[in-house]
>>> print(open('upload-v4.txt').read())   # compact mmCIF, C-alpha atoms and all ligand atoms
# COMPACT_ATOMS: atom_id res chain seq x y z
CA MET A 1 49.30 49.19 34.88
CA ALA A 2 48.90 52.14 37.20
CA THR A 3 45.43 52.78 38.46
CA GLY A 4 44.97 56.50 38.92
CA ILE A 5 41.50 57.43 40.06
CA SER A 6 40.41 61.01 39.68
CA LYS A 7 39.15 61.59 43.15
CA THR A 8 40.34 63.28 46.27
CA LYS A 9 39.17 60.70 48.80
CA TRP A 10 41.93 58.84 50.60
CA ASN A 11 41.15 55.40 52.02
CA GLY A 12 44.71 54.32 52.68
CA ASP A 13 46.60 53.84 55.90
CA LEU A 14 48.17 56.60 57.88
CA GLN A 15 51.00 58.42 56.13
CA VAL A 16 53.83 59.80 58.18
CA SER A 17 54.46 63.50 57.98
CA SER A 18 56.78 65.28 60.29
CA CYS A 19 59.52 67.78 60.44
CA GLU A 20 61.12 68.50 63.75
CA ASN A 21 64.18 70.42 64.81
CA GLY A 22 67.19 68.97 66.48
CA GLN A 23 69.41 65.96 65.96
CA PHE A 24 68.61 62.94 63.83
CA ILE A 25 64.85 62.59 63.84
CA PHE A 26 64.92 59.26 62.06
CA ARG A 27 66.14 56.30 64.05
CA PRO A 28 66.78 52.69 63.17
CA ILE A 29 63.89 50.46 64.11
CA TRP A 30 65.09 47.29 62.43
CA GLU A 31 68.45 46.30 61.07
CA LYS A 32 70.30 43.35 59.69
CA GLY A 33 73.87 43.17 58.47
CA ASN A 34 76.15 46.16 58.61
CA SER A 35 75.67 47.64 55.16
CA GLU A 36 75.02 51.26 54.24
CA ASN A 37 71.63 50.34 52.78
CA ARG A 38 68.76 52.25 54.37
CA LEU A 39 65.01 52.23 53.97
CA TYR A 40 63.22 55.27 55.38
CA TYR A 41 59.54 55.45 56.19
CA GLY A 42 58.70 59.13 56.23
CA ASP A 43 58.31 62.33 54.26
CA ASN A 44 61.41 62.71 52.13
CA LEU A 45 61.65 66.40 53.09
CA SER A 46 62.41 65.58 56.71
CA VAL A 47 64.42 62.48 55.76
CA MET A 48 66.67 64.49 53.44
CA LYS A 49 67.13 67.20 56.07
CA ASP A 50 68.26 64.44 58.41
CA LEU A 51 70.55 62.92 55.78
CA LEU A 52 72.20 66.29 55.28
CA LYS A 53 73.36 66.07 58.90
CA ASP A 54 75.03 62.73 58.15
CA LYS A 55 78.64 63.03 56.97
CA ARG A 56 78.49 59.57 55.39
CA VAL A 57 75.71 60.74 53.08
CA LYS A 58 75.93 64.50 52.49
CA GLY A 59 77.67 65.09 49.16
CA LYS A 60 78.27 61.36 48.81
CA ILE A 61 75.30 60.16 46.76
CA ARG A 62 76.48 59.31 43.26
CA LEU A 63 73.07 58.87 41.70
CA ILE A 64 69.54 59.96 42.49
CA TYR A 65 66.60 58.62 40.51
CA ILE A 66 63.12 59.88 41.39
CA ASP A 67 59.71 59.08 40.05
CA PRO A 68 57.58 61.47 42.07
CA PRO A 69 53.84 62.07 41.79
CA TYR A 70 53.09 63.74 38.43
CA ALA A 71 50.39 66.25 39.51
CA THR A 72 47.61 64.04 38.15
CA ASN A 73 45.08 64.99 40.86
CA SER A 74 44.43 61.32 41.50
CA VAL A 75 44.65 58.67 44.15
CA PHE A 76 46.58 55.60 43.01
CA GLN A 77 45.54 52.11 44.00
CA THR A 78 47.35 48.79 44.03
CA ARG A 79 46.08 45.83 42.04
CA LYS A 80 44.31 44.74 45.19
CA GLN A 81 42.44 48.07 45.26
CA GLN A 82 44.39 49.36 48.27
CA ASP A 83 44.98 53.09 48.20
CA ALA A 84 48.72 53.38 47.71
CA TYR A 85 49.45 57.09 47.43
CA THR A 86 47.86 60.41 46.62
CA ASP A 87 48.90 62.72 43.83
CA LEU A 88 46.82 65.76 44.60
CA LEU A 89 49.23 68.69 44.47
CA ILE A 90 48.87 70.63 41.25
CA GLY A 91 50.16 73.86 39.68
CA LYS A 92 52.24 76.11 41.88
CA GLU A 93 51.84 73.90 44.94
CA TYR A 94 53.32 71.00 42.99
CA VAL A 95 56.24 73.06 41.70
CA ASP A 96 56.95 74.35 45.23
CA PHE A 97 56.84 70.78 46.56
CA MET A 98 59.38 69.68 43.97
CA GLN A 99 61.59 72.74 44.35
CA GLU A 100 62.00 72.30 48.10
CA ARG A 101 63.03 68.70 47.62
CA LEU A 102 65.26 69.13 44.55
CA LEU A 103 67.30 71.73 46.43
CA LEU A 104 67.99 69.19 49.19
CA MET A 105 68.81 66.51 46.60
CA LYS A 106 71.42 68.79 45.08
CA ASP A 107 73.16 69.13 48.44
CA LEU A 108 73.09 65.38 48.98
CA LEU A 109 74.53 64.64 45.56
CA ALA A 110 78.29 64.06 45.10
CA ASP A 111 80.09 66.64 42.96
CA ASP A 112 80.42 64.02 40.22
CA GLY A 113 76.89 62.74 40.77
CA SER A 114 73.82 62.60 38.52
CA ILE A 115 70.10 62.99 38.99
CA TYR A 116 67.30 61.54 36.87
CA VAL A 117 63.75 62.87 37.31
CA HIS A 118 60.95 60.81 35.76
CA LEU A 119 57.78 62.74 34.81
CA ASP A 120 55.00 62.74 32.26
CA ASN A 121 54.00 65.38 29.75
CA LYS A 122 52.00 67.41 32.27
CA MET A 123 54.78 68.90 34.40
CA VAL A 124 57.99 67.93 32.63
CA PHE A 125 58.54 71.39 31.18
CA HIS A 126 57.80 73.18 34.46
CA ILE A 127 60.26 70.92 36.24
CA LYS A 128 62.82 71.26 33.42
CA VAL A 129 62.87 75.02 34.04
CA LEU A 130 63.22 74.37 37.76
CA MET A 131 66.06 71.91 37.22
CA ASP A 132 67.84 74.39 34.91
CA GLU A 133 67.67 76.88 37.75
CA ILE A 134 68.79 74.48 40.48
CA PHE A 135 71.39 72.35 38.68
CA GLY A 136 72.37 74.85 35.96
CA ILE A 137 71.37 74.69 32.31
CA ASP A 138 74.94 73.59 31.43
CA ASN A 139 74.46 70.49 33.54
CA PHE A 140 71.41 69.37 31.58
CA ARG A 141 72.47 66.17 29.80
CA SER A 142 69.40 64.52 28.27
CA MET A 143 65.66 64.42 28.16
CA ILE A 144 64.86 60.78 27.57
CA THR A 145 61.56 59.92 25.94
CA ARG A 146 60.38 56.52 27.08
CA LYS A 147 57.64 54.40 25.57
CA LYS A 148 55.76 53.48 28.74
CA CYS A 149 53.01 51.21 27.44
CA LYS A 150 51.68 49.49 24.36
CA THR A 151 49.95 51.41 21.60
CA LYS A 152 46.45 52.46 22.62
CA ASN A 153 43.54 52.01 20.27
CA PHE A 154 41.03 53.88 22.37
CA THR A 155 42.13 57.48 22.43
CA LYS A 156 40.21 60.69 23.06
CA ASN A 157 40.22 63.36 20.37
CA SER A 158 43.98 63.38 20.43
CA PHE A 159 47.01 61.19 19.80
CA GLY A 160 47.49 58.17 22.04
CA ASN A 161 49.82 59.02 24.89
CA ILE A 162 52.39 56.25 25.26
CA SER A 163 55.42 58.27 26.34
CA ASP A 164 56.88 59.72 29.50
CA TYR A 165 60.12 61.55 30.12
CA ILE A 166 63.26 61.39 32.20
CA LEU A 167 65.28 64.55 32.82
CA PHE A 168 68.95 63.78 33.32
CA TYR A 169 71.19 66.37 34.99
CA THR A 170 74.60 66.19 36.60
CA LYS A 171 75.91 68.27 39.46
CA SER A 172 78.99 69.35 37.52
CA ASN A 173 80.76 68.89 34.22
CA ASN A 174 82.87 66.08 35.66
CA TYR A 175 80.57 63.14 36.28
CA VAL A 176 80.52 59.36 36.31
CA TRP A 177 79.49 58.12 32.87
CA ASN A 178 79.60 54.56 31.62
CA LYS A 179 78.45 54.52 28.01
CA GLN A 180 75.56 52.12 27.51
CA PHE A 181 74.88 49.97 24.45
CA GLU A 182 71.86 48.10 23.19
CA LYS A 183 72.46 44.59 21.90
CA TRP A 184 72.12 44.06 18.17
CA THR A 185 68.87 42.48 17.14
CA ASN A 186 69.05 40.07 14.23
CA ASP A 187 67.14 42.42 11.93
CA LYS A 188 69.21 45.48 12.79
CA MET A 189 72.43 43.51 12.57
CA LEU A 190 71.67 42.16 9.08
CA LYS A 191 70.69 45.62 7.90
CA GLU A 192 73.67 47.44 9.40
CA TYR A 193 76.35 44.77 8.74
CA PRO A 194 75.28 43.13 5.44
CA PHE A 195 78.64 41.70 4.26
CA ILE A 196 80.55 38.52 5.11
CA GLU A 197 84.32 38.46 4.61
CA GLU A 198 85.18 35.59 2.29
CA ASN A 199 88.22 34.05 3.96
CA THR A 200 87.25 34.72 7.60
CA GLY A 201 83.43 34.70 7.57
CA ARG A 202 83.46 37.94 9.60
CA ARG A 203 80.28 40.01 9.29
CA HIS A 204 81.04 43.64 8.46
CA LYS A 205 79.87 46.89 6.90
CA ARG A 206 81.81 49.03 4.44
CA VAL A 207 82.23 52.71 5.22
CA PRO A 208 83.88 55.60 3.34
CA ILE A 209 87.47 56.36 4.23
CA HIS A 210 87.08 60.10 3.69
CA ALA A 211 85.36 62.87 5.69
CA PRO A 212 84.15 66.38 4.83
CA GLY A 213 86.59 69.31 4.81
CA THR A 214 90.01 69.78 3.24
CA ARG A 215 93.28 69.37 5.21
CA ASN A 216 96.81 70.54 4.49
CA GLY A 217 98.50 67.83 6.54
CA GLU A 218 99.02 64.11 5.92
CA THR A 219 95.31 63.33 5.59
CA GLY A 220 95.05 65.77 2.67
CA LYS A 221 97.82 64.01 0.72
CA MET A 222 97.76 61.48 -2.09
CA TRP A 223 97.28 57.79 -1.22
CA LYS A 224 97.81 54.98 -3.71
CA GLY A 225 97.82 57.52 -6.53
CA MET A 226 94.50 59.09 -5.42
CA MET A 227 93.75 62.44 -3.84
CA PRO A 228 90.81 62.60 -1.40
CA PRO A 229 87.52 63.50 -3.22
CA GLU A 230 86.91 67.23 -3.79
CA GLY A 231 86.29 69.12 -0.48
CA LYS A 232 87.25 66.07 1.62
CA HIS A 233 90.20 64.53 3.45
CA TRP A 234 91.21 60.97 4.33
CA GLN A 235 90.03 59.76 7.74
CA PHE A 236 93.49 58.28 8.37
CA THR A 237 97.03 59.16 7.34
CA PRO A 238 98.30 57.38 4.19
CA ALA A 239 100.59 55.27 6.42
CA LYS A 240 97.64 54.08 8.50
CA LEU A 241 95.60 53.41 5.34
CA ASP A 242 98.48 51.25 4.07
CA GLU A 243 98.44 49.31 7.31
CA LEU A 244 94.65 48.76 7.07
CA ASP A 245 94.99 47.67 3.47
CA ASN A 246 97.81 45.24 4.29
CA ASN A 247 95.58 43.74 7.01
CA GLY A 248 92.78 43.19 4.49
CA GLU A 249 90.61 45.80 6.17
CA ILE A 250 90.09 47.86 3.00
CA TYR A 251 87.51 46.70 0.48
CA TRP A 252 88.15 47.68 -3.13
CA SER A 253 85.05 47.93 -5.33
CA SER A 254 85.16 46.75 -8.95
CA ASN A 255 85.70 50.37 -10.09
CA GLY A 256 88.61 50.86 -7.66
CA ASN A 257 86.77 52.67 -4.87
CA PRO A 258 88.28 51.94 -1.41
CA ARG A 259 86.07 51.45 1.67
CA ARG A 260 86.99 50.45 5.20
CA LYS A 261 85.55 47.26 6.68
CA VAL A 262 83.99 47.72 10.13
CA TYR A 263 83.45 44.35 11.82
CA LEU A 264 80.42 43.38 13.87
CA ASP A 265 82.58 41.41 16.32
CA GLN A 266 84.34 44.66 17.26
CA SER A 267 81.09 46.49 17.99
CA GLU A 268 79.93 46.83 21.62
CA GLY A 269 76.36 47.28 20.36
CA ILE A 270 74.27 50.28 19.42
CA ALA A 271 75.03 53.30 21.60
CA LEU A 272 71.92 54.01 23.66
CA GLN A 273 70.00 57.04 22.36
CA ASP A 274 67.49 59.29 24.13
CA ILE A 275 64.38 57.50 22.89
CA TRP A 276 63.79 54.29 24.86
CA LEU A 277 61.32 51.88 23.33
CA ASP A 278 62.21 48.70 25.20
CA TYR A 279 61.32 49.57 28.78
CA LEU A 280 57.55 49.34 28.93
CA ASP A 281 56.28 49.01 32.50
CA ILE A 282 53.89 46.16 31.84
CA ASN A 283 54.52 44.29 28.63
CA ASN A 284 52.38 41.19 28.93
CA GLN A 285 51.03 38.61 31.37
CA ASN A 286 54.62 37.42 31.94
CA THR A 287 55.79 40.78 33.25
CA HIS A 288 57.02 40.50 36.82
CA THR A 289 55.38 43.09 39.07
CA THR A 290 54.62 43.87 42.69
CA GLY A 291 51.16 45.17 41.84
CA TYR A 292 52.11 48.63 43.17
CA PRO A 293 50.73 51.38 40.92
CA THR A 294 53.19 53.18 38.66
CA GLU A 295 55.89 50.59 39.34
CA LYS A 296 58.69 51.19 36.86
CA ASN A 297 60.52 48.74 34.63
CA ILE A 298 63.50 47.38 36.57
CA ASP A 299 65.64 46.96 33.43
CA MET A 300 65.25 50.67 32.76
CA LEU A 301 66.49 51.39 36.27
CA LYS A 302 69.45 49.07 35.78
CA ARG A 303 70.38 50.97 32.62
CA ILE A 304 70.36 54.28 34.48
CA ILE A 305 72.31 52.87 37.43
CA LEU A 306 74.92 51.27 35.17
CA ALA A 307 75.32 54.49 33.16
CA SER A 308 75.70 56.87 36.08
CA SER A 309 77.28 54.96 38.96
CA ASN A 310 79.94 52.37 39.74
CA GLU A 311 79.96 49.40 42.07
CA ASN A 312 79.77 50.31 45.78
CA ASP A 313 78.45 53.80 44.98
CA LEU A 314 75.49 55.17 46.91
CA VAL A 315 72.20 55.43 44.98
CA MET A 316 69.09 57.14 46.35
CA ASP A 317 65.41 57.02 45.40
CA CYS A 318 63.41 59.18 47.76
CA PHE A 319 60.05 58.41 46.08
CA ALA A 320 60.74 54.70 46.25
CA GLY A 321 57.22 53.28 45.70
CA SER A 322 57.60 49.53 45.26
CA GLY A 323 61.40 49.76 45.60
CA THR A 324 62.36 49.16 41.96
CA THR A 325 65.45 51.38 42.19
CA LEU A 326 66.53 49.75 45.44
CA VAL A 327 66.30 46.22 44.06
CA ALA A 328 68.10 47.23 40.85
CA ALA A 329 70.85 48.99 42.83
CA ASN A 330 71.22 46.01 45.14
CA GLU A 331 71.53 43.61 42.22
CA LEU A 332 74.24 45.79 40.70
CA ASN A 333 76.26 45.93 43.95
CA ARG A 334 75.49 49.54 44.76
CA ASN A 335 74.53 50.76 48.22
CA TRP A 336 71.14 52.37 48.38
CA ILE A 337 68.85 54.69 50.30
CA GLY A 338 65.12 54.38 49.72
CA VAL A 339 62.46 56.69 51.13
CA ASP A 340 58.70 56.51 51.00
CA MET A 341 56.00 58.03 53.16
CA GLY A 342 53.34 55.49 52.21
CA ASN A 343 52.57 52.57 54.48
CA GLU A 344 51.53 50.52 51.46
CA ALA A 345 54.80 51.29 49.66
CA ILE A 346 56.90 50.12 52.61
CA LYS A 347 54.81 46.97 52.92
CA VAL A 348 55.31 46.25 49.23
CA ILE A 349 59.05 46.94 49.42
CA LEU A 350 59.52 44.60 52.38
CA HIS A 351 57.50 41.92 50.64
CA ARG A 352 59.51 42.39 47.46
CA PHE A 353 62.83 42.20 49.33
CA GLN A 354 61.88 38.80 50.62
CA ASN A 355 59.71 37.29 47.90
CA GLY A 356 60.70 39.11 44.74
CA THR A 357 57.94 39.72 42.22
CA GLN A 358 55.38 37.58 40.44
CA THR A 359 54.10 37.61 36.89
CA LEU A 360 50.58 38.89 36.36
CA ASP A 361 49.51 35.32 35.64
CA GLU A 362 51.02 34.03 38.88
CA GLN A 363 49.36 36.82 40.84
CA ILE A 364 45.94 35.80 39.62
CA ARG A 365 46.66 32.12 40.32
CA ASN A 366 48.04 32.74 43.80
CA LYS A 367 45.49 35.30 44.91
CA LYS A 368 43.72 32.86 47.19
CA GLU A 369 46.91 31.58 48.78
CA GLU A 370 48.12 35.00 49.77
CA LYS A 371 46.26 35.24 53.03
CA GLN A 372 49.20 34.07 55.09
CA GLU A 373 49.79 35.12 58.67
CA MET A 374 52.47 37.74 58.74
CA PRO A 375 54.35 38.73 61.90
CA ASN A 376 54.00 42.41 62.73
CA LEU A 377 57.28 44.28 62.55
CA PHE A 378 55.98 46.89 64.94
CA SER A 379 54.64 45.00 67.89
CA GLU A 380 52.87 47.16 70.45
CA GLN A 381 55.85 47.30 72.74
CA GLU A 382 58.26 48.14 69.94
CA SER A 383 56.14 50.97 68.64
CA LYS A 384 56.20 52.60 72.07
CA ASN A 385 59.97 52.69 72.03
CA ASP A 386 61.32 54.36 68.92
CA ASN A 387 64.96 53.90 70.00
CA GLN A 388 64.64 50.18 69.96
CA THR A 389 66.46 48.21 67.30
CA ILE A 390 64.74 45.04 66.21
CA ASN A 391 66.83 42.19 64.95
CA ASN A 392 65.01 39.72 62.79
CA VAL A 393 66.54 36.48 61.61
CA LEU A 394 64.23 35.49 58.78
CA PRO A 395 66.03 34.62 55.53
CA TYR A 396 65.78 37.39 52.92
CA LEU A 397 66.59 37.93 49.29
CA ILE A 398 67.66 41.43 50.29
CA ASP A 399 68.42 41.38 53.96
CA ASN A 400 71.31 43.70 54.43
CA TYR A 401 69.75 47.02 55.39
CA THR A 402 68.35 49.20 58.13
CA ILE A 403 64.83 50.57 58.40
CA PHE A 404 64.49 54.06 59.82
CA THR A 405 61.51 56.06 60.89
CA ASN A 406 60.80 58.97 63.12
CA GLY A 407 58.66 57.83 65.97
CA ASN A 408 55.30 58.47 64.37
CA TYR A 409 54.94 54.92 63.28
CA SER A 410 52.75 53.58 66.07
CA GLY A 411 49.48 52.45 64.56
CA VAL A 412 50.87 51.47 61.18
CA GLU A 413 51.11 47.89 60.15
CA PHE A 414 54.28 46.99 58.38
CA SER A 415 54.78 43.31 58.40
CA LEU A 416 57.85 41.39 57.48
CA PRO A 417 56.71 38.60 55.23
CA GLN A 418 57.23 35.01 56.26
CA SER A 419 59.70 32.98 54.29
C1 LIG B 501 55.20 57.19 41.28
S1 LIG B 501 55.41 56.39 42.80
C2 LIG B 501 57.03 55.68 42.64
C3 LIG B 501 56.99 54.35 41.96
C4 LIG B 501 58.36 53.70 41.90
N1 LIG B 501 59.21 54.35 40.95
C5 LIG B 501 58.26 52.22 41.57
O1 LIG B 501 58.95 51.74 40.64
O2 LIG B 501 57.52 51.54 42.22
C6 LIG B 501 55.67 57.76 43.86
C7 LIG B 501 55.93 57.38 45.31
O3 LIG B 501 56.30 58.55 46.02
C8 LIG B 501 55.81 58.47 47.33
N2 LIG B 501 55.80 59.84 47.88
C9 LIG B 501 55.02 60.88 47.49
N3 LIG B 501 55.34 61.98 48.21
C10 LIG B 501 56.33 61.63 49.05
C11 LIG B 501 57.08 62.31 50.02
N4 LIG B 501 56.87 63.61 50.27
N5 LIG B 501 58.02 61.63 50.71
C12 LIG B 501 58.25 60.32 50.46
N6 LIG B 501 57.57 59.61 49.55
C13 LIG B 501 56.64 60.26 48.84
C14 LIG B 501 54.44 57.84 47.19
O4 LIG B 501 54.02 57.22 48.40
C15 LIG B 501 54.70 56.84 46.06
O5 LIG B 501 55.00 55.57 46.57
>>> encode(input="upload-v4.txt", output="structure tokens")
Amino acid sequence: MATGISKTKWNGDLQVSSCENGQFIFRPIWEKGNSENRLYYGDNLSVMKDLLKDKRVKGKIRLIYIDPPYATNSVFQTRKQQDAYTDLLIGKEYVDFMQERLLLMKDLLADDGSIYVHLDNKMVFHIKVLMDEIFGIDNFRSMITRKKCKTKNFTKNSFGNISDYILFYTKSNNYVWNKQFEKWTNDKMLKEYPFIEENTGRRHKRVPIHAPGTRNGETGKMWKGMMPPEGKHWQFTPAKLDELDNNGEIYWSSNGNPRRKVYLDQSEGIALQDIWLDYLDINNQNTHTTGYPTEKNIDMLKRIILASSNENDLVMDCFAGSGTTLVAANELNRNWIGVDMGNEAIKVILHRFQNGTQTLDEQIRNKKEEKQEMPNLFSEQESKNDNQTINNVLPYLIDNYTIFTNGNYSGVEFSLPQS
């Protein structure tokens, strides 16, 4: 679970902040493979300004997901009590911070692209108004309510807060959309599809064959000696109803009432709605996690990526944290750009790319064994030369990407984990 501490003291490592004029400020400092995948260490404002100069990226990003700070006025720590990132901008300063960045994101997004902004109840409405202004109210698609954690028994004088929100906008009316379905659970399936067809054993439900409103055409005519009920019309033409009946797809009740059989084996699942209950961040001791605070549920990210992008598309998360979006995108054969200005975040991402994640139980068990020697990615000589490309040959789970930064990295301690 995230550890937000209400304090303003920062004990973490140096964070990069820079914005210079001129050509590309960010340069590759390590690369492997020749993919489009990029990991940036730096303030996303300057990174995005740089990306806007890059023809391969500007207007080419199909999907942006961000999970920025939420204006909590806290410092967030990892499970190992390392300061990970600060969340100290509040009120107008916070809105200005977001506005500046959302404007750049819009320019980076493809015309048929989508953006998802994850927030909690504190600033979601402020940012909704901002998004309406930037992306256009007509391009607002959904506000997803997500159950983020288990029910809380210890609440203040209020209702337990277990939800956060994801604002989903597109850049235009013509956007990539792959409808998502939830799998049937046994309980829901038995409730929704209670009947078994005698001769075939097919599970099905029985639905009316009429719909509200009268029609003058074929669907308003008599079928098998019956007119549609008062104020209604048939859902199909009489010819089509005959065909369904001949195929055994019409059920006739004992009092002669026809209903259409809808079969479970023809259902893709339950269309995903805008309340998500199954994507808690930490569910139990078996939840895989990096230990980075506010790490999001990877299955939730996969859902978003599947819905709003296709294979080989470019996906960006410029508040990458522990790299959940990047790993999800990689698994789903998308190219990705990740940005974070926190030294701890980049360390965690690199570790995750090589080692994956551990369950909470495993983390406790392995705590003692974690003090391995790790080679420093930025050796003294390398950090003096920001044009230098470092090729590393260690085996990786995710090893096809380039790391960029802007020259201010001397003194920080990213390490590539040993295999
Ligand atoms: C809420 S966390 C993201 C967690 C992430 N979704 C995950 O699953 O791990 C927000 C991240 O944004 C980063 N961040 C904050 N301001 C930033 C900025 N201006 N540029 C780049 N990264 C920033 C922080 O360092 C932090 O890692």
>>> residues_around(input="upload-v4.txt", residues="A:Val47", least_positions_apart="4", cutoff="8 Å", atoms="all atoms listed in the file", output="ChimeraX atom specification")
/A:26,40,42-43,51,339
>>> closest_residue(input="upload-v4.txt", among="A:Asp83, A:Asp164, A:Asp245, A:Glu230", to="A:Met123", atoms="all atoms listed in the file")
A:Asp164
>>> residues_near_ligand(input="upload-v4.txt", ligand="ligand LIG 501 (chain B)", cutoff="6 Å", atoms="all atoms listed in the file", output="ChimeraX atom specification")
/A:42-44,67-69,85,294-296,318-324,339-342,345
>>> residues_around(input="upload-v4.txt", residues="A:Leu52", least_positions_apart="6", cutoff="12 Å", atoms="only C-alpha atoms", output="ChimeraX atom specification")
/A:23-25,44-46,58-61,103-109
>>> write_last_selection(input="upload-v4.txt", atoms="C-alpha atoms", output="PDB file, keeping the file's coordinate frame")
ATOM      1  CA  GLN A  23      69.410  65.960  65.960  1.00  0.00           C
ATOM      2  CA  PHE A  24      68.610  62.940  63.830  1.00  0.00           C
ATOM      3  CA  ILE A  25      64.850  62.590  63.840  1.00  0.00           C
ATOM      4  CA  ASN A  44      61.410  62.710  52.130  1.00  0.00           C
ATOM      5  CA  LEU A  45      61.650  66.400  53.090  1.00  0.00           C
ATOM      6  CA  SER A  46      62.410  65.580  56.710  1.00  0.00           C
ATOM      7  CA  LYS A  58      75.930  64.500  52.490  1.00  0.00           C
ATOM      8  CA  GLY A  59      77.670  65.090  49.160  1.00  0.00           C
ATOM      9  CA  LYS A  60      78.270  61.360  48.810  1.00  0.00           C
ATOM     10  CA  ILE A  61      75.300  60.160  46.760  1.00  0.00           C
ATOM     11  CA  LEU A 103      67.300  71.730  46.430  1.00  0.00           C
ATOM     12  CA  LEU A 104      67.990  69.190  49.190  1.00  0.00           C
ATOM     13  CA  MET A 105      68.810  66.510  46.600  1.00  0.00           C
ATOM     14  CA  LYS A 106      71.420  68.790  45.080  1.00  0.00           C
ATOM     15  CA  ASP A 107      73.160  69.130  48.440  1.00  0.00           C
ATOM     16  CA  LEU A 108      73.090  65.380  48.980  1.00  0.00           C
ATOM     17  CA  LEU A 109      74.530  64.640  45.560  1.00  0.00           C
TER      18      LEU A 109
END
>>> residues_around(input="upload-v4.txt", residues="A:Met300", least_positions_apart="4", cutoff="9 Å", atoms="all atoms listed in the file", output="VMD selection string")
chain A and resid 276 278 to 280 296 304 to 305
>>> write_last_selection(input="upload-v4.txt", atoms="C-alpha atoms", output="short mmCIF file (atom, residue, chain, number, x, y, z; two decimals), in the coordinates of the input")
data_model
loop_
_atom_site.label_atom_id
_atom_site.label_comp_id
_atom_site.auth_asym_id
_atom_site.auth_seq_id
_atom_site.Cartn_x
_atom_site.Cartn_y
_atom_site.Cartn_z
CA TRP A 276 63.79 54.29 24.86
CA ASP A 278 62.21 48.70 25.20
CA TYR A 279 61.32 49.57 28.78
CA LEU A 280 57.55 49.34 28.93
CA LYS A 296 58.69 51.19 36.86
CA ILE A 304 70.36 54.28 34.48
CA ILE A 305 72.31 52.87 37.43
#
>>> atom_distance(input="upload-v4.txt", atom1="atom CA of A:Gly407", atom2="atom CA of A:Pro28")
10.0 Å
>>> closest_residue(input="upload-v4.txt", among="A:Tyr94, A:Arg259, A:Ala271, A:His118", to="A:Gln180", atoms="only C-alpha atoms")
A:Ala271
>>> closest_residue(input="upload-v4.txt", among="A:Leu39, A:Lys156, A:Lys53, A:Ile298", to="A:Thr405", atoms="only C-alpha atoms")
A:Leu39
>>> axis_aligned_box(input="upload-v4.txt", around="stretch 306-311 of chain A", padding_each_side="4 Å", output="lines of an AutoDock Vina configuration file")
center_x = 77.4
center_y = 53.1
center_z = 37.6
size_x = 13.0
size_y = 15.5
size_z = 16.9
>>> atom_distance(input="upload-v4.txt", atom1="atom CA of A:Ile282", atom2="atom CA of A:Glu311")
28.2 Å
>>> atom_distance(input="upload-v4.txt", atom1="atom CA of A:Arg141", atom2="atom CA of A:Asp120")
18.0 Å
>>> residues_near_point(input="upload-v4.txt", point="(79.9, 40.3, 8.3)", cutoff="10 Å", atoms="all atoms listed in the file", output="list in words")
Met189, Leu190, Glu192, Tyr193, Pro194, Phe195, Ile196, Glu197, Glu198, Thr200, Gly201, Arg202, Arg203, His204, Lys205, Arg206, Lys261, Val262, Tyr263, Leu264 and Asp265 of chain A
>>> residues_around(input="upload-v4.txt", residues="A:Thr219", least_positions_apart="4", cutoff="10 Å", atoms="all atoms listed in the file", output="list of chain:residue names")
A:His210, A:Ala211, A:Thr214, A:Arg215, A:Trp223, A:Met227, A:Pro228, A:Lys232, A:His233, A:Trp234, A:Gln235, A:Phe236, A:Thr237, A:Pro238, A:Ala239, A:Lys240, A:Leu241
